[in-house]
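Below is final.pdb, which holds PDB, C-alpha atoms and all ligand atoms.
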ATOM      1  CA  MET A  24     -15.064 -13.004   3.685
ATOM      2  CA  ASN A  25     -13.691 -13.325   0.120
ATOM      3  CA  ALA A  26     -12.994 -16.961  -0.634
ATOM      4  CA  HIS A  27     -10.269 -16.164  -3.192
ATOM      5  CA  VAL A  28      -8.088 -14.248  -0.750
ATOM      6  CA  ALA A  29      -5.496 -15.892   1.459
ATOM      7  CA  THR A  30      -6.318 -14.603   4.935
ATOM      8  CA  LYS A  31      -3.285 -13.004   6.519
ATOM      9  CA  PRO A  32      -3.125 -11.344   9.905
ATOM     10  CA  LEU A  33      -3.804  -7.627   9.663
ATOM     11  CA  THR A  34      -0.614  -5.673  10.127
ATOM     12  CA  SER A  35       0.729  -2.204  10.727
ATOM     13  CA  LEU A  36       4.261  -1.013  10.106
ATOM     14  CA  ASP A  37       6.665  -2.502  12.637
ATOM     15  CA  ASP A  38       8.124   0.639  14.187
ATOM     16  CA  GLY A  39      10.046  -1.229  16.885
ATOM     17  CA  ILE A  40       8.318   0.746  19.625
ATOM     18  CA  ALA A  41       6.726  -1.061  22.549
ATOM     19  CA  LYS A  42       3.077  -0.504  23.402
ATOM     20  CA  GLY A  43       2.661   2.443  25.746
ATOM     21  CA  ASP A  44       6.042   3.997  24.844
ATOM     22  CA  MET A  45       6.342   7.386  23.144
ATOM     23  CA  LEU A  46       5.635   7.194  19.413
ATOM     24  CA  LEU A  47       5.380  10.913  18.648
ATOM     25  CA  LYS A  48       6.239  14.012  20.633
ATOM     26  CA  VAL A  49       5.454  17.608  19.815
ATOM     27  CA  ASP A  50       7.596  20.078  21.768
ATOM     28  CA  ASN A  51       6.742  23.766  22.107
ATOM     29  CA  VAL A  52       5.352  24.071  18.603
ATOM     30  CA  SER A  53       4.097  27.441  17.334
ATOM     31  CA  LEU A  54       2.626  28.078  13.896
ATOM     32  CA  SER A  55       1.387  31.377  12.445
ATOM     33  CA  PHE A  56      -0.128  32.425   9.142
ATOM     34  CA  GLY A  57       0.864  36.061   8.825
ATOM     35  CA  GLY A  58      -0.714  37.678  11.861
ATOM     36  CA  VAL A  59      -2.909  34.653  12.690
ATOM     37  CA  LYS A  60      -1.525  32.431  15.432
ATOM     38  CA  ALA A  61      -2.916  28.979  14.638
ATOM     39  CA  ILE A  62      -0.825  27.175  17.302
ATOM     40  CA  THR A  63       0.948  28.767  20.265
ATOM     41  CA  ASP A  64       3.631  26.840  22.149
ATOM     42  CA  ILE A  65       1.899  23.475  22.248
ATOM     43  CA  SER A  66       3.509  20.291  23.554
ATOM     44  CA  LEU A  67       1.831  16.894  23.468
ATOM     45  CA  ASP A  68       2.701  13.259  23.012
ATOM     46  CA  ILE A  69       1.153  10.207  21.391
ATOM     47  CA  ARG A  70       1.929   6.787  22.831
ATOM     48  CA  LYS A  71       2.199   3.585  20.864
ATOM     49  CA  GLY A  72      -1.109   1.712  20.665
ATOM     50  CA  GLU A  73      -3.415   4.426  21.952
ATOM     51  CA  ILE A  74      -6.345   6.307  20.462
ATOM     52  CA  ARG A  75      -5.598   9.961  21.086
ATOM     53  CA  ALA A  76      -8.246  12.615  20.435
ATOM     54  CA  ILE A  77      -7.542  16.249  19.620
ATOM     55  CA  ILE A  78     -10.609  18.356  20.327
ATOM     56  CA  GLY A  79     -11.594  21.999  20.673
ATOM     57  CA  PRO A  80     -14.012  24.578  19.305
ATOM     58  CA  ASN A  81     -13.901  25.777  15.678
ATOM     59  CA  GLY A  82     -10.620  27.458  14.757
ATOM     60  CA  ALA A  83      -8.833  26.034  17.837
ATOM     61  CA  GLY A  84      -5.866  24.782  15.767
ATOM     62  CA  LYS A  85      -6.684  21.071  15.526
ATOM     63  CA  THR A  86      -6.237  20.620  11.768
ATOM     64  CA  SER A  87      -3.137  22.830  11.867
ATOM     65  CA  MET A  88      -1.693  20.448  14.467
ATOM     66  CA  LEU A  89      -2.342  17.400  12.234
ATOM     67  CA  ASN A  90      -0.741  19.283   9.354
ATOM     68  CA  VAL A  91       2.352  19.956  11.456
ATOM     69  CA  ILE A  92       2.537  16.292  12.515
ATOM     70  CA  ASN A  93       2.372  14.985   8.932
ATOM     71  CA  GLY A  94       4.759  17.582   7.542
ATOM     72  CA  PHE A  95       2.230  19.617   5.576
ATOM     73  CA  TYR A  96       3.112  22.728   7.576
ATOM     74  CA  THR A  97       6.495  23.639   9.030
ATOM     75  CA  PRO A  98       6.124  25.341  12.413
ATOM     76  CA  GLN A  99       8.109  28.545  13.060
ATOM     77  CA  GLN A 100       9.073  27.160  16.472
ATOM     78  CA  GLY A 101       9.353  23.801  18.160
ATOM     79  CA  VAL A 102      10.290  20.267  17.139
ATOM     80  CA  ILE A 103       8.500  17.010  16.428
ATOM     81  CA  THR A 104      10.005  13.665  17.406
ATOM     82  CA  PHE A 105       8.605  10.619  15.625
ATOM     83  CA  ARG A 106       9.968   7.130  16.310
ATOM     84  CA  GLY A 107      12.911   8.730  18.078
ATOM     85  CA  LYS A 108      13.881  11.065  15.197
ATOM     86  CA  GLN A 109      13.647  14.804  15.711
ATOM     87  CA  ARG A 110      12.605  17.213  12.975
ATOM     88  CA  ARG A 111      10.898  20.496  12.311
ATOM     89  CA  ALA A 112      10.435  20.332   8.546
ATOM     90  CA  MET A 113       9.469  17.249   6.570
ATOM     91  CA  LYS A 114       7.683  16.645   3.286
ATOM     92  CA  PRO A 115       4.311  14.852   3.609
ATOM     93  CA  HIS A 116       5.503  11.964   1.381
ATOM     94  CA  HIS A 117       8.415  11.429   3.791
ATOM     95  CA  ALA A 118       5.889  11.257   6.603
ATOM     96  CA  VAL A 119       4.079   8.526   4.683
ATOM     97  CA  LEU A 120       7.334   6.637   4.120
ATOM     98  CA  GLN A 121       8.076   6.853   7.837
ATOM     99  CA  GLY A 122       4.657   5.449   8.686
ATOM    100  CA  ILE A 123       2.273   8.395   9.114
ATOM    101  CA  ALA A 124      -0.950   8.234   7.073
ATOM    102  CA  ARG A 125      -3.956  10.515   7.267
ATOM    103  CA  THR A 126      -7.492  11.135   6.123
ATOM    104  CA  PHE A 127      -8.944  14.586   5.526
ATOM    105  CA  GLN A 128     -11.830  16.672   6.842
ATOM    106  CA  ASN A 129     -13.239  16.802   3.311
ATOM    107  CA  VAL A 130     -12.746  13.438   1.651
ATOM    108  CA  ALA A 131      -9.697  13.533  -0.656
ATOM    109  CA  LEU A 132     -10.142  10.501  -2.912
ATOM    110  CA  PHE A 133      -9.726  10.094  -6.691
ATOM    111  CA  LYS A 134     -13.434  10.464  -7.449
ATOM    112  CA  GLY A 135     -13.384   8.931 -10.943
ATOM    113  CA  MET A 136     -11.506   5.845  -9.764
ATOM    114  CA  THR A 137     -13.128   2.794  -8.188
ATOM    115  CA  THR A 138     -12.922   1.799  -4.542
ATOM    116  CA  LEU A 139     -10.409  -0.902  -5.461
ATOM    117  CA  GLU A 140      -8.217   1.520  -7.437
ATOM    118  CA  ASN A 141      -8.264   4.130  -4.675
ATOM    119  CA  ILE A 142      -7.178   1.634  -2.048
ATOM    120  CA  MET A 143      -4.569   0.198  -4.441
ATOM    121  CA  ALA A 144      -3.203   3.756  -4.798
ATOM    122  CA  GLY A 145      -2.494   3.651  -1.067
ATOM    123  CA  ARG A 146      -0.176   0.685  -1.707
ATOM    124  CA  SER A 147       2.074   2.685  -4.034
ATOM    125  CA  VAL A 148       4.203   3.679  -1.059
ATOM    126  CA  HIS A 149       5.143  -0.014  -0.672
ATOM    127  CA  MET A 150       5.751  -0.710  -4.376
ATOM    128  CA  LYS A 151       9.428  -1.411  -4.893
ATOM    129  CA  ARG A 152       9.569  -1.583  -8.684
ATOM    130  CA  ASN A 153       9.105   1.018 -11.363
ATOM    131  CA  MET A 154       7.208   0.563 -14.639
ATOM    132  CA  LEU A 155      10.301  -0.284 -16.750
ATOM    133  CA  TRP A 156      11.381  -2.939 -14.283
ATOM    134  CA  GLN A 157       7.860  -4.368 -14.335
ATOM    135  CA  MET A 158       7.917  -4.607 -18.148
ATOM    136  CA  LEU A 159      11.322  -6.302 -18.179
ATOM    137  CA  TRP A 160      10.723  -8.732 -15.353
ATOM    138  CA  HIS A 161       7.145  -9.780 -15.750
ATOM    139  CA  GLY A 162       7.228 -12.765 -13.342
ATOM    140  CA  PRO A 163       8.529 -11.017 -10.200
ATOM    141  CA  ALA A 164       6.418  -7.935 -11.027
ATOM    142  CA  LEU A 165       3.332 -10.121 -11.170
ATOM    143  CA  ARG A 166       4.194 -11.670  -7.811
ATOM    144  CA  GLU A 167       4.566  -8.216  -6.298
ATOM    145  CA  GLU A 168       1.251  -7.117  -7.835
ATOM    146  CA  ILE A 169      -0.485 -10.191  -6.385
ATOM    147  CA  GLU A 170       0.908  -9.452  -2.919
ATOM    148  CA  HIS A 171      -0.400  -5.883  -3.067
ATOM    149  CA  ARG A 172      -3.766  -7.089  -4.330
ATOM    150  CA  GLU A 173      -4.011  -9.497  -1.396
ATOM    151  CA  LYS A 174      -3.391  -6.664   1.069
ATOM    152  CA  VAL A 175      -6.030  -4.550  -0.651
ATOM    153  CA  GLU A 176      -8.539  -7.417  -0.670
ATOM    154  CA  GLU A 177      -7.907  -7.929   3.025
ATOM    155  CA  ILE A 178      -8.742  -4.266   3.675
ATOM    156  CA  ILE A 179     -11.866  -4.407   1.512
ATOM    157  CA  ASP A 180     -12.940  -7.450   3.459
ATOM    158  CA  PHE A 181     -12.133  -5.842   6.806
ATOM    159  CA  LEU A 182     -14.111  -2.659   6.014
ATOM    160  CA  GLU A 183     -17.031  -4.646   4.549
ATOM    161  CA  ILE A 184     -17.012  -2.823   1.221
ATOM    162  CA  GLU A 185     -16.956  -5.756  -1.211
ATOM    163  CA  HIS A 186     -20.233  -4.584  -2.764
ATOM    164  CA  ILE A 187     -18.702  -1.269  -3.884
ATOM    165  CA  ARG A 188     -15.289  -2.491  -4.995
ATOM    166  CA  ARG A 189     -15.921  -1.609  -8.657
ATOM    167  CA  THR A 190     -17.938   1.577  -8.038
ATOM    168  CA  PRO A 191     -16.334   4.944  -8.852
ATOM    169  CA  VAL A 192     -16.050   6.597  -5.435
ATOM    170  CA  GLY A 193     -17.626   9.852  -6.663
ATOM    171  CA  LYS A 194     -20.910   7.937  -6.948
ATOM    172  CA  LEU A 195     -20.846   6.662  -3.371
ATOM    173  CA  PRO A 196     -22.705   8.219  -0.439
ATOM    174  CA  TYR A 197     -20.487  10.342   1.790
ATOM    175  CA  GLY A 198     -20.322   7.822   4.653
ATOM    176  CA  LEU A 199     -18.955   5.135   2.338
ATOM    177  CA  GLN A 200     -16.465   7.563   0.787
ATOM    178  CA  LYS A 201     -15.114   8.171   4.288
ATOM    179  CA  ARG A 202     -14.747   4.409   4.729
ATOM    180  CA  VAL A 203     -12.879   4.069   1.422
ATOM    181  CA  GLU A 204     -10.577   6.898   2.476
ATOM    182  CA  LEU A 205      -9.863   5.003   5.686
ATOM    183  CA  GLY A 206      -9.113   1.964   3.509
ATOM    184  CA  ARG A 207      -6.625   3.906   1.415
ATOM    185  CA  ALA A 208      -4.849   5.116   4.562
ATOM    186  CA  LEU A 209      -4.773   1.542   5.924
ATOM    187  CA  ALA A 210      -3.232   0.321   2.669
ATOM    188  CA  MET A 211      -0.170   2.368   3.610
ATOM    189  CA  GLU A 212       0.154   0.169   6.737
ATOM    190  CA  PRO A 213       0.923   3.171   8.922
ATOM    191  CA  SER A 214       2.191   3.027  12.470
ATOM    192  CA  LEU A 215       0.424   6.352  13.142
ATOM    193  CA  LEU A 216      -2.942   7.031  11.557
ATOM    194  CA  LEU A 217      -4.288  10.601  11.637
ATOM    195  CA  LEU A 218      -8.032  10.960  11.139
ATOM    196  CA  ASP A 219      -9.457  14.440  10.587
ATOM    197  CA  GLU A 220     -13.144  14.338  11.579
ATOM    198  CA  PRO A 221     -13.796  10.737  10.483
ATOM    199  CA  MET A 222     -17.506  10.979  11.423
ATOM    200  CA  ALA A 223     -18.289  14.391   9.927
ATOM    201  CA  GLY A 224     -21.542  14.416   7.965
ATOM    202  CA  MET A 225     -22.511  10.890   9.045
ATOM    203  CA  ASN A 226     -25.786   9.644  10.473
ATOM    204  CA  LEU A 227     -25.884   7.700  13.741
ATOM    205  CA  GLU A 228     -25.615   4.265  12.128
ATOM    206  CA  GLU A 229     -22.676   5.337   9.969
ATOM    207  CA  LYS A 230     -20.970   6.801  13.039
ATOM    208  CA  GLU A 231     -21.405   3.530  14.913
ATOM    209  CA  ASP A 232     -19.910   1.604  11.989
ATOM    210  CA  MET A 233     -16.956   3.978  11.709
ATOM    211  CA  SER A 234     -16.353   3.810  15.482
ATOM    212  CA  ARG A 235     -16.250   0.020  15.274
ATOM    213  CA  PHE A 236     -13.747   0.127  12.405
ATOM    214  CA  ILE A 237     -11.529   2.592  14.261
ATOM    215  CA  ILE A 238     -11.499   0.384  17.360
ATOM    216  CA  ASP A 239     -10.785  -2.721  15.248
ATOM    217  CA  VAL A 240      -7.923  -0.994  13.407
ATOM    218  CA  ASN A 241      -6.458  -0.010  16.752
ATOM    219  CA  GLN A 242      -6.923  -3.371  18.449
ATOM    220  CA  GLN A 243      -6.381  -5.847  15.607
ATOM    221  CA  ARG A 244      -3.642  -4.038  13.690
ATOM    222  CA  GLY A 245      -2.067  -2.333  16.705
ATOM    223  CA  THR A 246      -2.195   0.967  14.818
ATOM    224  CA  THR A 247      -1.810   4.098  16.915
ATOM    225  CA  ILE A 248      -4.533   6.614  16.061
ATOM    226  CA  ALA A 249      -4.829  10.372  16.549
ATOM    227  CA  LEU A 250      -8.191  11.810  15.614
ATOM    228  CA  ILE A 251      -9.978  15.119  15.498
ATOM    229  CA  GLU A 252     -13.672  14.819  16.202
ATOM    230  CA  HIS A 253     -16.483  17.176  17.131
ATOM    231  CA  ASP A 254     -18.938  14.525  18.353
ATOM    232  CA  MET A 255     -18.191  14.412  22.085
ATOM    233  CA  GLY A 256     -19.994  11.098  22.598
ATOM    234  CA  VAL A 257     -17.711   9.462  20.037
ATOM    235  CA  VAL A 258     -14.593  11.084  21.500
ATOM    236  CA  MET A 259     -15.397   9.990  25.038
ATOM    237  CA  ASP A 260     -16.186   6.423  23.923
ATOM    238  CA  LEU A 261     -13.200   5.892  21.652
ATOM    239  CA  SER A 262     -10.260   7.712  23.137
ATOM    240  CA  ASP A 263      -7.689   6.666  25.675
ATOM    241  CA  ARG A 264      -6.525  10.272  26.122
ATOM    242  CA  VAL A 265      -7.815  13.625  24.949
ATOM    243  CA  VAL A 266      -5.956  16.880  24.353
ATOM    244  CA  VAL A 267      -8.065  20.055  24.204
ATOM    245  CA  LEU A 268      -7.079  23.137  22.198
ATOM    246  CA  ASP A 269      -8.671  26.571  22.294
ATOM    247  CA  TYR A 270      -7.509  29.622  20.344
ATOM    248  CA  GLY A 271      -4.330  27.758  19.383
ATOM    249  CA  LYS A 272      -3.373  26.893  22.975
ATOM    250  CA  LYS A 273      -3.531  23.647  24.900
ATOM    251  CA  ILE A 274      -6.007  24.019  27.743
ATOM    252  CA  ALA A 275      -6.346  20.421  28.960
ATOM    253  CA  ASP A 276      -4.840  16.976  28.443
ATOM    254  CA  GLY A 277      -5.815  13.694  30.068
ATOM    255  CA  ALA A 278      -8.286  10.839  30.289
ATOM    256  CA  PRO A 279     -11.729  11.532  28.767
ATOM    257  CA  GLU A 280     -13.413  11.707  32.193
ATOM    258  CA  GLU A 281     -10.900  14.253  33.538
ATOM    259  CA  VAL A 282     -11.130  16.439  30.458
ATOM    260  CA  LYS A 283     -14.922  16.360  30.400
ATOM    261  CA  ASN A 284     -15.070  17.806  33.904
ATOM    262  CA  ASP A 285     -12.303  20.370  33.443
ATOM    263  CA  GLN A 286     -13.621  23.908  34.005
ATOM    264  CA  ALA A 287     -11.430  25.468  31.276
ATOM    265  CA  VAL A 288     -12.810  22.952  28.766
ATOM    266  CA  ILE A 289     -16.408  23.586  29.807
ATOM    267  CA  ASP A 290     -15.816  27.339  29.470
ATOM    268  CA  ALA A 291     -14.209  26.957  26.034
ATOM    269  CA  TYR A 292     -17.169  24.993  24.718
ATOM    270  CA  LEU A 293     -19.652  27.411  26.252
ATOM    271  CA  GLY A 294     -17.752  30.308  24.666
ATOM    272  CA  VAL A 295     -16.835  32.045  27.920
ATOM    273  CA  ALA A 296     -14.943  35.282  27.094
ATOM    274  CA  HIS A 297     -11.118  35.214  27.157
TER     275      HIS A 297
HETATM  276  N1  LIG A 301      -3.719  27.977   5.525
HETATM  277  C1  LIG A 301      -4.127  28.906   6.379
HETATM  278  N2  LIG A 301      -3.977  30.229   6.132
HETATM  279  C2  LIG A 301      -4.377  31.171   7.017
HETATM  280  N3  LIG A 301      -4.949  30.887   8.201
HETATM  281  C3  LIG A 301      -5.137  29.599   8.510
HETATM  282  C4  LIG A 301      -4.747  28.543   7.625
HETATM  283  N4  LIG A 301      -5.058  27.352   8.206
HETATM  284  C5  LIG A 301      -5.626  27.661   9.394
HETATM  285  N5  LIG A 301      -5.677  28.993   9.570
HETATM  286  C6  LIG A 301      -6.194  29.691  10.752
HETATM  287  O1  LIG A 301      -5.617  29.113  11.881
HETATM  288  C7  LIG A 301      -6.582  28.975  12.929
HETATM  289  C8  LIG A 301      -6.720  27.501  13.308
HETATM  290  O2  LIG A 301      -7.336  26.816  12.213
HETATM  291  P1  LIG A 301      -7.542  25.238  12.181
HETATM  292  O3  LIG A 301      -8.168  24.899  10.870
HETATM  293  O4  LIG A 301      -6.289  24.560  12.536
HETATM  294  O5  LIG A 301      -8.605  25.038  13.358
HETATM  295  P2  LIG A 301      -9.531  23.795  13.681
HETATM  296  O6  LIG A 301      -9.513  23.634  15.168
HETATM  297  O7  LIG A 301      -9.131  22.626  12.877
HETATM  298  O8  LIG A 301     -10.960  24.332  13.223
HETATM  299  P3  LIG A 301     -12.271  23.537  12.691
HETATM  300  O9  LIG A 301     -12.792  22.733  13.836
HETATM  301  O10 LIG A 301     -13.193  24.660  12.352
HETATM  302  O11 LIG A 301     -11.849  22.722  11.525
HETATM  303  C9  LIG A 301      -7.866  29.589  12.413
HETATM  304  O12 LIG A 301      -7.911  30.925  12.850
HETATM  305  C10 LIG A 301      -7.703  29.507  10.915
HETATM  306  O13 LIG A 301      -8.439  30.534  10.268
END
Output the file's structure in the form of structure tokens.
Ligand SMILES: Nc1ncnc2c1ncn2[C@@H]1O[C@H](COP(=O)(O)OP(=O)(O)OP(=O)(O)O)[C@@H](O)[C@H]1O
Amino acid sequence: MNAHVATKPLTSLDDGIAKGDMLLKVDNVSLSFGGVKAITDISLDIRKGEIRAIIGPNGAGKTSMLNVINGFYTPQQGVITFRGKQRRAMKPHHAVLQGIARTFQNVALFKGMTTLENIMAGRSVHMKRNMLWQMLWHGPALREEIEHREKVEEIIDFLEIEHIRRTPVGKLPYGLQKRVELGRALAMEPSLLLLDEPMAGMNLEEKEDMSRFIIDVNQQRGTTIALIEHDMGVVMDLSDRVVVLDYGKKIADGAPEEVKNDQAVIDAYLGVAH
């Protein structure tokens, strides 16, 4: 624990939604790229406070679904309801402002910037003042800067990455880059955190660490999490509910145990012909 940081309770955006109630709903969404149907008529929901996994074989439509949820893609059909507001199209930065943050399959950090700077960049969404204002009103600007720094220090502390705070992230091993990316997403204080293959390319120990952080984020901050993951052991351990996609369609949805024993899911993973 950093002695110079005032310890504050970890927080996530207060979205006014009670635990277990609907946070996000996807209704009859379809998305195509030319002739390729990435998603066909999928409906699913994400409840406040849960860890929701989206799984399926390669090309099933998982990343496309995350991209629809965070506004990166606009589906040709269907609507998304987040915190009670319905929409089809939305810009990704509006998603961030409304409390949706995400990490990417291939780490998307500023490689030449340090860990600290990358996580600080995640705070920009909460910065109220522009540069001119900061130059004119040094005192209040400094107070705001200190508040943001405290949040960032709290995240660094939480993710146990003090030792790499000044290291340019491009020089870090992949597992630590993934952790910094999680830190940047947490700095946005999202109510819904989307993680695209958070364990990809990690060894067993790194996976165990990441699993622990994901559970802690969920339990201590109350952050709702939707994740895509290929490691079935991790999915079964972490998730409250699992939705399974195959060839752009939803083939199963339920508790990990139910989904694991579902014949359609077993067939999809074994590559049984359609
Ligand atoms: N930008 C795009 N342009 C064209 N086709 C795309 C695009 N994005 C996805 N697709 C296609 O849509 C389908 C679903 O892809 P998607 O990446 O969502 O699957 P996925 O389940 O995330 O796969 P993986 O596990 O391999 O990452 C695939 O056939 C893919 O080739």
Pull out every residue that the PyMOL selection byres (((chain A and resi 213) around 9) and not hetatm) matches in the shown coordinates and put them as a PDB file with C-alpha atoms, in the coordinates of the input.
ATOM      1  CA  SER A  35       0.729  -2.204  10.727  1.00  0.00           C
ATOM      2  CA  LEU A  36       4.261  -1.013  10.106  1.00  0.00           C
ATOM      3  CA  ASP A  37       6.665  -2.502  12.637  1.00  0.00           C
ATOM      4  CA  VAL A 119       4.079   8.526   4.683  1.00  0.00           C
ATOM      5  CA  LEU A 120       7.334   6.637   4.120  1.00  0.00           C
ATOM      6  CA  GLN A 121       8.076   6.853   7.837  1.00  0.00           C
ATOM      7  CA  GLY A 122       4.657   5.449   8.686  1.00  0.00           C
ATOM      8  CA  ILE A 123       2.273   8.395   9.114  1.00  0.00           C
ATOM      9  CA  ALA A 124      -0.950   8.234   7.073  1.00  0.00           C
ATOM     10  CA  ARG A 125      -3.956  10.515   7.267  1.00  0.00           C
ATOM     11  CA  ALA A 208      -4.849   5.116   4.562  1.00  0.00           C
ATOM     12  CA  LEU A 209      -4.773   1.542   5.924  1.00  0.00           C
ATOM     13  CA  ALA A 210      -3.232   0.321   2.669  1.00  0.00           C
ATOM     14  CA  MET A 211      -0.170   2.368   3.610  1.00  0.00           C
ATOM     15  CA  GLU A 212       0.154   0.169   6.737  1.00  0.00           C
ATOM     16  CA  SER A 214       2.191   3.027  12.470  1.00  0.00           C
ATOM     17  CA  LEU A 215       0.424   6.352  13.142  1.00  0.00           C
ATOM     18  CA  LEU A 216      -2.942   7.031  11.557  1.00  0.00           C
ATOM     19  CA  THR A 246      -2.195   0.967  14.818  1.00  0.00           C
ATOM     20  CA  THR A 247      -1.810   4.098  16.915  1.00  0.00           C
TER      21      THR A 247
END
Nearest to Lys201 in chain A, chosen from A:Ala131, A:Ala291, A:Val267, A:Met113, with all atoms listed in the file counted in the distances: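 When distances to Lys201 in chain A are compared using all atoms listed in the file, the smallest one comes from A:Ala131.
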Can you tell me, as AutoDock Vina command-line options, the centre and edge lengths (Å, one decimal) of the axis-aligned box enclosing all of range 199-203 of chain A's listed atoms after padding each side by 8 Å?
--center_x -15.9 --center_y 6.1 --center_z 2.8 --size_x 22.1 --size_y 20.1 --size_z 19.9
Explicit residue set for the PyMOL selection byres (((chain A and resi 255-259) around 9) and not hetatm), as a list of chain:residue names: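 Evaluating the PyMOL selection byres (((chain A and resi 255-259) around 9) and not hetatm) on this file yields A:Ala76, A:Ile77, A:Ile78, A:Met222, A:Lys230, A:Glu231, A:Ser234, A:Leu250, A:Ile251, A:Glu252, A:His253, A:Asp254, A:Asp260, A:Leu261, A:Ser262, A:Asp263, A:Arg264, A:Val265, A:Ala278, A:Pro279, A:Glu280, A:Lys283.
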Extract, using all atoms listed in the file, all DNA, RNA and protein residues at most 9 Å from Gly193 in chain A, discarding same-chain residues fewer than 4 positions from it, and format them as an mmCIF file with C-alpha atoms, keeping the file's coordinate frame.
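Written file, out-v1.cif:
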data_model
loop_
_atom_site.group_PDB
_atom_site.id
_atom_site.type_symbol
_atom_site.label_atom_id
_atom_site.label_comp_id
_atom_site.auth_asym_id
_atom_site.auth_seq_id
_atom_site.Cartn_x
_atom_site.Cartn_y
_atom_site.Cartn_z
ATOM 1 C CA LEU A 132 -10.142 10.501 -2.912
ATOM 2 C CA PHE A 133 -9.726 10.094 -6.691
ATOM 3 C CA LYS A 134 -13.434 10.464 -7.449
ATOM 4 C CA GLY A 135 -13.384 8.931 -10.943
ATOM 5 C CA MET A 136 -11.506 5.845 -9.764
ATOM 6 C CA THR A 137 -13.128 2.794 -8.188
ATOM 7 C CA TYR A 197 -20.487 10.342 1.790
ATOM 8 C CA GLN A 200 -16.465 7.563 0.787
#
A:Asp44, A:Glu73, A:Glu140, A:Glu281: which is nearest Val203 in chain A, counting only C-alpha atoms?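 Among the listed residues, A:Glu140 lies closest to Val203 in chain A.
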Neighbour list for Ile65 in chain A as a ChimeraX atom specification, cut-off 10 Å, all atoms listed in the file, skip fewer than 3 positions in-chain: /A:49-54,62,88,100-101,268,271-274
List the residues selected by the PyMOL selection byres (((not hetatm)) within 6 of (chain A and resi 301)) in the file shown, writing them as a short mmCIF file (atom, residue, chain, number, x, y, z; two decimals) with C-alpha atoms, in the frame of the given file.
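Result saved to part_13.cif:
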data_model
loop_
_atom_site.label_atom_id
_atom_site.label_comp_id
_atom_site.auth_asym_id
_atom_site.auth_seq_id
_atom_site.Cartn_x
_atom_site.Cartn_y
_atom_site.Cartn_z
CA PHE A 56 -0.13 32.42 9.14
CA ALA A 61 -2.92 28.98 14.64
CA PRO A 80 -14.01 24.58 19.30
CA ASN A 81 -13.90 25.78 15.68
CA GLY A 82 -10.62 27.46 14.76
CA ALA A 83 -8.83 26.03 17.84
CA GLY A 84 -5.87 24.78 15.77
CA LYS A 85 -6.68 21.07 15.53
CA THR A 86 -6.24 20.62 11.77
CA SER A 87 -3.14 22.83 11.87
#
CA of Ala223 in chain A to CA of Lys48 in chain A, straight-line distance in Å: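 Value for the CA of Lys48 in chain A-CA of Ala223 in chain A distance: 26.8 Å.
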Calculated over all atoms listed in the file, which of the candidates A:Arg70, A:Arg146, A:Arg75, A:Arg106 has the smallest distance to Gly39 in chain A? A:Arg106
